[in-house]
Amino acid sequence: MTFVDDLTLILDLLILVTVTVFYTGVLVWFEMRRKDPVRANTHLHEGAILLGMLGGVIGIISIWGELAWPITGFPGAQSYDLFFYDVLILLGLLLIAFAITVRQRLPTHFVGMLGVIIGLGVFFYGVRAYQLGLTKDPLETLLMYLAFGGVAILSYPATLFVDWFVVGPTVPGADPLPSNPTPDYPWIWKILLGLFMAAVLLAGVAAVLYGINAAWAHLASPP
């Protein structure tokens, strides 16, 4: 049965998301270390715009996928609308929400809170799909889901850092609680943000490796 195979496009978008998050995070951290919050905010806003655009495209594709799958007559595809598109819709929601809150200079830690719940859900989907063997590369798929789930969970401390120290000093009420404009315990933030950036990097590598395998196979013989 003929149908639209958008797996490689989705993986391309996931790679772009990780690259944008990593690049934005590095620039914001660098400018904060230089004590230049103006440039840090500028980089944050630019990254948020790109993430919002990517989230919108991912959301549109995911809504289509929820309606178009499962594909009748394609063995093994009956659960793909749940496995792939449920989590992609949640990712799109997360990215768009982050873009809006940054653009409107609102607290982003609400988005981070949602990220924790979404990340736990991604863990569940990945582990259960691995148990059921839903894909031809179950281990690679599991690792990618775990990496992206980790990014979503660790986005919470990243958004707290943004609210407290990047946006908070110039936007009253953006910070969750009153705080000094610089961290009192910088080593804690180095650990938390380092873990977040490491998770983003691992998620990007996992998406690239999975994407190479998928593109190689799907271009040669579309399912």
# chains A, B, ... in the order shown; residues from 1 in each chain; ligands from 1
call {"tool": "residues_around", "arguments": {"residues": "Glu140 of chain A", "least_positions_apart": "2", "cutoff": "12 Å", "atoms": "only C-alpha atoms", "output": "list in words"}}
result
Gly126, Val127, Ala129, Tyr130, Gly133, Leu134, Thr135, Lys136, Asp137, Pro138, Leu142, Leu143, Met144, Tyr145, Leu146, Ala147, Ala203, Val205, Ala206, Ala207, Val208, Leu209, Tyr210, Gly211, Ile212, Asn213 and Ala214 of chain A
call {"tool": "closest_atom_pairs", "arguments": {"of": "segment 30-147 of chain A", "to": "segment 176-194 of chain A", "cutoff": "12 Å", "atoms": "only C-alpha atoms", "output": "Markdown table"}}
result
| residue | atom | partner | partner_atom | distance |
| --- | --- | --- | --- | --- |
| A:Met32 | CA | A:Thr182 | CA | 9.3 |
| A:Arg33 | CA | A:Thr182 | CA | 10.1 |
| A:Lys35 | CA | A:Thr182 | CA | 9.4 |
| A:Pro37 | CA | A:Pro181 | CA | 10.3 |
| A:Leu106 | CA | A:Pro176 | CA | 10.7 |
| A:Pro107 | CA | A:Pro176 | CA | 7.5 |
| A:Thr108 | CA | A:Pro176 | CA | 9.5 |
| A:His109 | CA | A:Pro176 | CA | 7.7 |
| A:Phe110 | CA | A:Pro176 | CA | 9.6 |
call {"tool": "write_last_selection", "arguments": {"atoms": "C-alpha atoms", "output": "short mmCIF file (atom, residue, chain, number, x, y, z; two decimals), in the first residue's frame"}}
result
data_model
loop_
_atom_site.label_atom_id
_atom_site.label_comp_id
_atom_site.auth_asym_id
_atom_site.auth_seq_id
_atom_site.Cartn_x
_atom_site.Cartn_y
_atom_site.Cartn_z
CA MET A 32 26.46 35.23 30.95
CA ARG A 33 30.02 34.30 31.88
CA LYS A 35 28.49 39.38 32.19
CA PRO A 37 23.03 39.85 29.69
CA LEU A 106 7.13 35.30 30.79
CA PRO A 107 8.50 32.71 33.24
CA THR A 108 9.80 29.72 31.29
CA HIS A 109 9.95 27.34 34.25
CA PHE A 110 6.30 26.44 33.64
#
call {"tool": "closest_residue", "arguments": {"among": "A:Leu82, A:Ile118, A:Ile96, A:Val167", "to": "Ala48 of chain A", "atoms": "only C-alpha atoms"}}
result
A:Ile96
call {"tool": "closest_residue", "arguments": {"among": "A:Arg39, A:His45, A:Arg128, A:Arg34", "to": "Ile100 of chain A", "atoms": "only C-alpha atoms"}}
result
A:His45
call {"tool": "atom_distance", "arguments": {"atom1": "atom CA of Gly204 of chain A", "atom2": "atom CA of Thr18 of chain A"}}
result
5.3 Å
call {"tool": "atom_distance", "arguments": {"atom1": "atom CA of Leu195 of chain A", "atom2": "atom CA of Ala40 of chain A"}}
result
20.0 Å
call {"tool": "closest_residue", "arguments": {"among": "A:Ala198, A:Ala174, A:Leu95, A:Leu160", "to": "Val17 of chain A", "atoms": "only C-alpha atoms"}}
result
A:Leu95
call {"tool": "residues_around", "arguments": {"residues": "Thr20 of chain A", "least_positions_apart": "3", "cutoff": "9 Å", "atoms": "only C-alpha atoms", "output": "NGL selection string"}}
result
:A and (15-17 or 23-25 or 47-48 or 50-51)
call {"tool": "write_last_selection", "arguments": {"atoms": "N, CA, C and O atoms", "output": "PDB file, in the first residue's frame"}}
result
ATOM      1  N   ILE A  15      17.080  16.480  14.644  1.00  0.00           N
ATOM      2  CA  ILE A  15      18.485  16.888  14.629  1.00  0.00           C
ATOM      3  C   ILE A  15      18.596  18.404  14.689  1.00  0.00           C
ATOM      4  O   ILE A  15      19.409  18.964  15.436  1.00  0.00           O
ATOM      5  N   LEU A  16      17.762  19.101  13.917  1.00  0.00           N
ATOM      6  CA  LEU A  16      17.786  20.565  13.926  1.00  0.00           C
ATOM      7  C   LEU A  16      17.411  21.111  15.300  1.00  0.00           C
ATOM      8  O   LEU A  16      17.964  22.126  15.742  1.00  0.00           O
ATOM      9  N   VAL A  17      16.481  20.456  15.978  1.00  0.00           N
ATOM     10  CA  VAL A  17      16.094  20.897  17.322  1.00  0.00           C
ATOM     11  C   VAL A  17      17.280  20.801  18.269  1.00  0.00           C
ATOM     12  O   VAL A  17      17.581  21.747  19.012  1.00  0.00           O
ATOM     13  N   TYR A  23      23.379  25.050  20.437  1.00  0.00           N
ATOM     14  CA  TYR A  23      24.033  26.294  20.009  1.00  0.00           C
ATOM     15  C   TYR A  23      23.541  27.478  20.836  1.00  0.00           C
ATOM     16  O   TYR A  23      24.337  28.318  21.284  1.00  0.00           O
ATOM     17  N   THR A  24      22.224  27.543  21.057  1.00  0.00           N
ATOM     18  CA  THR A  24      21.664  28.627  21.870  1.00  0.00           C
ATOM     19  C   THR A  24      22.186  28.559  23.296  1.00  0.00           C
ATOM     20  O   THR A  24      22.572  29.581  23.881  1.00  0.00           O
ATOM     21  N   GLY A  25      22.206  27.355  23.863  1.00  0.00           N
ATOM     22  CA  GLY A  25      22.679  27.192  25.229  1.00  0.00           C
ATOM     23  C   GLY A  25      24.127  27.615  25.401  1.00  0.00           C
ATOM     24  O   GLY A  25      24.480  28.283  26.379  1.00  0.00           O
ATOM     25  N   GLY A  47      17.203  31.933  19.424  1.00  0.00           N
ATOM     26  CA  GLY A  47      17.047  30.483  19.530  1.00  0.00           C
ATOM     27  C   GLY A  47      15.601  30.081  19.739  1.00  0.00           C
ATOM     28  O   GLY A  47      15.125  29.095  19.177  1.00  0.00           O
ATOM     29  N   ALA A  48      14.881  30.852  20.569  1.00  0.00           N
ATOM     30  CA  ALA A  48      13.480  30.543  20.838  1.00  0.00           C
ATOM     31  C   ALA A  48      12.632  30.665  19.572  1.00  0.00           C
ATOM     32  O   ALA A  48      11.715  29.862  19.348  1.00  0.00           O
ATOM     33  N   LEU A  50      13.620  30.143  16.447  1.00  0.00           N
ATOM     34  CA  LEU A  50      13.888  28.961  15.621  1.00  0.00           C
ATOM     35  C   LEU A  50      13.218  27.725  16.201  1.00  0.00           C
ATOM     36  O   LEU A  50      12.648  26.903  15.455  1.00  0.00           O
ATOM     37  N   LEU A  51      13.277  27.567  17.524  1.00  0.00           N
ATOM     38  CA  LEU A  51      12.645  26.402  18.148  1.00  0.00           C
ATOM     39  C   LEU A  51      11.132  26.443  17.979  1.00  0.00           C
ATOM     40  O   LEU A  51      10.494  25.403  17.790  1.00  0.00           O
TER      41      LEU A  51
END
call {"tool": "closest_residue", "arguments": {"among": "A:Ala152, A:Leu139, A:Met53, A:Val26", "to": "Leu90 of chain A", "atoms": "only C-alpha atoms"}}
result
A:Ala152
call {"tool": "closest_residue", "arguments": {"among": "A:Ala199, A:Ile60, A:Ile49, A:Val19", "to": "Arg103 of chain A", "atoms": "only C-alpha atoms"}}
result
A:Ile49
call {"tool": "atom_distance", "arguments": {"atom1": "atom CA of Gly92 of chain A", "atom2": "atom CA of Ser62 of chain A"}}
result
8.4 Å
call {"tool": "residues_around", "arguments": {"residues": "Leu91 of chain A", "least_positions_apart": "6", "cutoff": "8 Å", "atoms": "only C-alpha atoms", "output": "number ranges by chain"}}
result
A: 55, 58-59, 118
call {"tool": "write_last_selection", "arguments": {"atoms": "N, CA, C and O atoms", "output": "PDB file, in the first residue's frame"}}
result
ATOM      1  N   GLY A  55       9.062  23.645  16.187  1.00  0.00           N
ATOM      2  CA  GLY A  55       7.946  23.042  16.914  1.00  0.00           C
ATOM      3  C   GLY A  55       6.655  23.094  16.129  1.00  0.00           C
ATOM      4  O   GLY A  55       5.860  22.147  16.161  1.00  0.00           O
ATOM      5  N   ILE A  58       6.912  20.412  13.369  1.00  0.00           N
ATOM      6  CA  ILE A  58       6.772  19.090  13.989  1.00  0.00           C
ATOM      7  C   ILE A  58       5.323  18.850  14.409  1.00  0.00           C
ATOM      8  O   ILE A  58       4.783  17.752  14.231  1.00  0.00           O
ATOM      9  N   GLY A  59       4.679  19.880  14.965  1.00  0.00           N
ATOM     10  CA  GLY A  59       3.291  19.731  15.390  1.00  0.00           C
ATOM     11  C   GLY A  59       2.353  19.447  14.238  1.00  0.00           C
ATOM     12  O   GLY A  59       1.464  18.588  14.341  1.00  0.00           O
ATOM     13  N   ILE A 118       6.583  15.349  30.349  1.00  0.00           N
ATOM     14  CA  ILE A 118       6.721  14.825  28.991  1.00  0.00           C
ATOM     15  C   ILE A 118       7.917  13.885  28.907  1.00  0.00           C
ATOM     16  O   ILE A 118       7.847  12.822  28.267  1.00  0.00           O
TER      17      ILE A 118
END
call {"tool": "residues_around", "arguments": {"residues": "Gly121 of chain A", "least_positions_apart": "5", "cutoff": "9 Å", "atoms": "only C-alpha atoms", "output": "PDB file with C-alpha atoms, in the first residue's frame"}}
result
ATOM      1  CA  VAL A  87       5.526  12.130  21.722  1.00  0.00           C
ATOM      2  CA  VAL A 116       9.592  16.859  33.239  1.00  0.00           C
ATOM      3  CA  GLY A 126      10.552   4.070  24.599  1.00  0.00           C
ATOM      4  CA  GLY A 149      13.359  12.145  27.461  1.00  0.00           C
TER       5      GLY A 149
END
call {"tool": "decode", "arguments": {"residues": "segment 63-202 of chain A", "atoms": "C-alpha atoms", "output": "PDB file, in the first residue's frame"}}
result
ATOM      1  CA  ILE A  63      -1.252  15.894  13.865  1.00  0.00           C
ATOM      2  CA  TRP A  64      -1.312  14.560  10.303  1.00  0.00           C
ATOM      3  CA  GLY A  65       0.442  11.397  11.486  1.00  0.00           C
ATOM      4  CA  GLU A  66      -2.070  10.814  14.268  1.00  0.00           C
ATOM      5  CA  LEU A  67      -4.874  10.954  11.709  1.00  0.00           C
ATOM      6  CA  ALA A  68      -3.154   9.047   8.877  1.00  0.00           C
ATOM      7  CA  TRP A  69      -1.760   6.110  10.858  1.00  0.00           C
ATOM      8  CA  PRO A  70      -2.095   3.204  11.360  1.00  0.00           C
ATOM      9  CA  ILE A  71      -1.730   2.116   7.758  1.00  0.00           C
ATOM     10  CA  THR A  72      -4.051  -0.742   6.951  1.00  0.00           C
ATOM     11  CA  GLY A  73      -2.215  -3.590   5.288  1.00  0.00           C
ATOM     12  CA  PHE A  74       1.239  -2.563   6.511  1.00  0.00           C
ATOM     13  CA  PRO A  75       2.215  -5.203   9.122  1.00  0.00           C
ATOM     14  CA  GLY A  76       3.611  -3.795  12.352  1.00  0.00           C
ATOM     15  CA  ALA A  77       2.433  -0.224  11.750  1.00  0.00           C
ATOM     16  CA  GLN A  78      -0.726  -0.398  13.823  1.00  0.00           C
ATOM     17  CA  SER A  79       0.908   1.256  16.844  1.00  0.00           C
ATOM     18  CA  TYR A  80       3.055   3.816  15.022  1.00  0.00           C
ATOM     19  CA  ASP A  81       0.595   6.664  15.457  1.00  0.00           C
ATOM     20  CA  LEU A  82       0.886   6.169  19.211  1.00  0.00           C
ATOM     21  CA  PHE A  83       4.582   5.426  19.342  1.00  0.00           C
ATOM     22  CA  PHE A  84       5.891   8.158  17.061  1.00  0.00           C
ATOM     23  CA  TYR A  85       3.307  10.896  16.902  1.00  0.00           C
ATOM     24  CA  ASP A  86       2.100  11.086  20.505  1.00  0.00           C
ATOM     25  CA  VAL A  87       5.526  12.130  21.722  1.00  0.00           C
ATOM     26  CA  LEU A  88       6.149  14.362  18.697  1.00  0.00           C
ATOM     27  CA  ILE A  89       2.992  16.354  19.378  1.00  0.00           C
ATOM     28  CA  LEU A  90       4.168  16.821  22.967  1.00  0.00           C
ATOM     29  CA  LEU A  91       7.594  17.927  21.694  1.00  0.00           C
ATOM     30  CA  GLY A  92       5.987  20.429  19.338  1.00  0.00           C
ATOM     31  CA  LEU A  93       3.862  21.759  22.205  1.00  0.00           C
ATOM     32  CA  LEU A  94       6.947  22.144  24.395  1.00  0.00           C
ATOM     33  CA  LEU A  95       8.931  24.008  21.732  1.00  0.00           C
ATOM     34  CA  ILE A  96       6.097  26.372  20.823  1.00  0.00           C
ATOM     35  CA  ALA A  97       5.352  27.089  24.493  1.00  0.00           C
ATOM     36  CA  PHE A  98       9.008  27.907  25.140  1.00  0.00           C
ATOM     37  CA  ALA A  99       9.134  30.231  22.144  1.00  0.00           C
ATOM     38  CA  ILE A 100       6.006  32.083  23.276  1.00  0.00           C
ATOM     39  CA  THR A 101       7.136  32.494  26.879  1.00  0.00           C
ATOM     40  CA  VAL A 102      10.549  33.811  25.822  1.00  0.00           C
ATOM     41  CA  ARG A 103       8.990  36.157  23.266  1.00  0.00           C
ATOM     42  CA  GLN A 104       6.516  37.500  25.828  1.00  0.00           C
ATOM     43  CA  ARG A 105       9.178  37.605  28.570  1.00  0.00           C
ATOM     44  CA  LEU A 106       7.132  35.297  30.785  1.00  0.00           C
ATOM     45  CA  PRO A 107       8.496  32.706  33.242  1.00  0.00           C
ATOM     46  CA  THR A 108       9.802  29.717  31.288  1.00  0.00           C
ATOM     47  CA  HIS A 109       9.949  27.341  34.249  1.00  0.00           C
ATOM     48  CA  PHE A 110       6.300  26.443  33.637  1.00  0.00           C
ATOM     49  CA  VAL A 111       7.445  24.998  30.314  1.00  0.00           C
ATOM     50  CA  GLY A 112      10.260  23.207  32.124  1.00  0.00           C
ATOM     51  CA  MET A 113       7.726  21.676  34.514  1.00  0.00           C
ATOM     52  CA  LEU A 114       5.801  20.329  31.526  1.00  0.00           C
ATOM     53  CA  GLY A 115       9.115  19.041  30.161  1.00  0.00           C
ATOM     54  CA  VAL A 116       9.592  16.859  33.239  1.00  0.00           C
ATOM     55  CA  ILE A 117       6.221  15.167  32.739  1.00  0.00           C
ATOM     56  CA  ILE A 118       6.721  14.825  28.991  1.00  0.00           C
ATOM     57  CA  GLY A 119      10.203  13.382  29.526  1.00  0.00           C
ATOM     58  CA  LEU A 120       8.868  10.710  31.850  1.00  0.00           C
ATOM     59  CA  GLY A 121       6.227   9.878  29.234  1.00  0.00           C
ATOM     60  CA  VAL A 122       8.895   9.570  26.533  1.00  0.00           C
ATOM     61  CA  PHE A 123      10.803   7.161  28.791  1.00  0.00           C
ATOM     62  CA  PHE A 124       7.663   5.045  29.133  1.00  0.00           C
ATOM     63  CA  TYR A 125       6.955   4.984  25.388  1.00  0.00           C
ATOM     64  CA  GLY A 126      10.552   4.070  24.599  1.00  0.00           C
ATOM     65  CA  VAL A 127      10.816   1.252  27.135  1.00  0.00           C
ATOM     66  CA  ARG A 128       7.438  -0.232  26.237  1.00  0.00           C
ATOM     67  CA  ALA A 129       8.187  -0.107  22.499  1.00  0.00           C
ATOM     68  CA  TYR A 130      11.511  -1.838  23.157  1.00  0.00           C
ATOM     69  CA  GLN A 131       9.715  -4.597  25.051  1.00  0.00           C
ATOM     70  CA  LEU A 132       7.292  -5.054  22.154  1.00  0.00           C
ATOM     71  CA  GLY A 133       9.991  -4.795  19.458  1.00  0.00           C
ATOM     72  CA  LEU A 134       8.001  -2.255  17.450  1.00  0.00           C
ATOM     73  CA  THR A 135      10.885  -1.181  15.204  1.00  0.00           C
ATOM     74  CA  LYS A 136      13.602  -2.960  13.248  1.00  0.00           C
ATOM     75  CA  ASP A 137      16.207  -1.196  15.429  1.00  0.00           C
ATOM     76  CA  PRO A 138      14.718  -1.538  18.918  1.00  0.00           C
ATOM     77  CA  LEU A 139      17.895  -0.729  20.892  1.00  0.00           C
ATOM     78  CA  GLU A 140      18.771   2.345  18.815  1.00  0.00           C
ATOM     79  CA  THR A 141      15.191   3.560  19.079  1.00  0.00           C
ATOM     80  CA  LEU A 142      15.182   3.039  22.852  1.00  0.00           C
ATOM     81  CA  LEU A 143      18.423   4.991  23.263  1.00  0.00           C
ATOM     82  CA  MET A 144      17.069   7.879  21.211  1.00  0.00           C
ATOM     83  CA  TYR A 145      13.871   8.007  23.259  1.00  0.00           C
ATOM     84  CA  LEU A 146      15.830   7.898  26.517  1.00  0.00           C
ATOM     85  CA  ALA A 147      18.117  10.709  25.326  1.00  0.00           C
ATOM     86  CA  PHE A 148      15.261  12.984  24.285  1.00  0.00           C
ATOM     87  CA  GLY A 149      13.359  12.145  27.461  1.00  0.00           C
ATOM     88  CA  GLY A 150      16.421  13.173  29.451  1.00  0.00           C
ATOM     89  CA  VAL A 151      16.592  16.471  27.561  1.00  0.00           C
ATOM     90  CA  ALA A 152      12.941  17.186  28.379  1.00  0.00           C
ATOM     91  CA  ILE A 153      13.417  16.440  32.087  1.00  0.00           C
ATOM     92  CA  LEU A 154      16.644  18.434  32.375  1.00  0.00           C
ATOM     93  CA  SER A 155      15.017  21.383  30.622  1.00  0.00           C
ATOM     94  CA  TYR A 156      13.471  22.243  33.996  1.00  0.00           C
ATOM     95  CA  PRO A 157      16.708  23.422  35.672  1.00  0.00           C
ATOM     96  CA  ALA A 158      17.691  25.090  32.381  1.00  0.00           C
ATOM     97  CA  THR A 159      14.488  27.143  32.387  1.00  0.00           C
ATOM     98  CA  LEU A 160      14.998  27.995  36.063  1.00  0.00           C
ATOM     99  CA  PHE A 161      18.439  29.358  35.184  1.00  0.00           C
ATOM    100  CA  VAL A 162      16.911  31.429  32.391  1.00  0.00           C
ATOM    101  CA  ASP A 163      14.224  32.834  34.677  1.00  0.00           C
ATOM    102  CA  TRP A 164      16.535  33.597  37.583  1.00  0.00           C
ATOM    103  CA  PHE A 165      19.672  34.870  35.931  1.00  0.00           C
ATOM    104  CA  VAL A 166      19.082  35.659  32.234  1.00  0.00           C
ATOM    105  CA  VAL A 167      15.625  37.231  32.127  1.00  0.00           C
ATOM    106  CA  GLY A 168      14.824  37.754  35.817  1.00  0.00           C
ATOM    107  CA  PRO A 169      17.260  40.624  36.540  1.00  0.00           C
ATOM    108  CA  THR A 170      15.531  42.850  33.952  1.00  0.00           C
ATOM    109  CA  VAL A 171      11.947  41.516  34.071  1.00  0.00           C
ATOM    110  CA  PRO A 172      10.282  41.801  37.495  1.00  0.00           C
ATOM    111  CA  GLY A 173       8.374  38.660  38.400  1.00  0.00           C
ATOM    112  CA  ALA A 174       9.988  36.404  35.805  1.00  0.00           C
ATOM    113  CA  ASP A 175      12.062  34.651  38.451  1.00  0.00           C
ATOM    114  CA  PRO A 176      10.287  31.932  40.483  1.00  0.00           C
ATOM    115  CA  LEU A 177      11.524  33.431  43.779  1.00  0.00           C
ATOM    116  CA  PRO A 178      13.458  36.603  44.560  1.00  0.00           C
ATOM    117  CA  SER A 179      17.154  35.993  43.942  1.00  0.00           C
ATOM    118  CA  ASN A 180      20.459  37.717  43.400  1.00  0.00           C
ATOM    119  CA  PRO A 181      21.222  38.535  39.748  1.00  0.00           C
ATOM    120  CA  THR A 182      24.129  36.052  39.878  1.00  0.00           C
ATOM    121  CA  PRO A 183      24.047  32.488  41.241  1.00  0.00           C
ATOM    122  CA  ASP A 184      24.978  32.091  44.905  1.00  0.00           C
ATOM    123  CA  TYR A 185      26.165  28.545  44.228  1.00  0.00           C
ATOM    124  CA  PRO A 186      27.510  28.586  40.661  1.00  0.00           C
ATOM    125  CA  TRP A 187      28.916  25.052  40.864  1.00  0.00           C
ATOM    126  CA  ILE A 188      25.385  23.641  41.219  1.00  0.00           C
ATOM    127  CA  TRP A 189      24.298  25.381  38.026  1.00  0.00           C
ATOM    128  CA  LYS A 190      27.427  24.220  36.225  1.00  0.00           C
ATOM    129  CA  ILE A 191      26.511  20.629  37.047  1.00  0.00           C
ATOM    130  CA  LEU A 192      22.823  20.977  36.131  1.00  0.00           C
ATOM    131  CA  LEU A 193      23.422  22.883  32.912  1.00  0.00           C
ATOM    132  CA  GLY A 194      26.309  20.576  32.028  1.00  0.00           C
ATOM    133  CA  LEU A 195      24.002  17.573  32.358  1.00  0.00           C
ATOM    134  CA  PHE A 196      21.389  19.305  30.222  1.00  0.00           C
ATOM    135  CA  MET A 197      23.867  20.137  27.471  1.00  0.00           C
ATOM    136  CA  ALA A 198      25.311  16.609  27.599  1.00  0.00           C
ATOM    137  CA  ALA A 199      21.806  15.170  27.206  1.00  0.00           C
ATOM    138  CA  VAL A 200      21.158  17.471  24.235  1.00  0.00           C
ATOM    139  CA  LEU A 201      24.419  16.369  22.625  1.00  0.00           C
ATOM    140  CA  LEU A 202      23.627  12.673  23.165  1.00  0.00           C
TER     141      LEU A 202
END
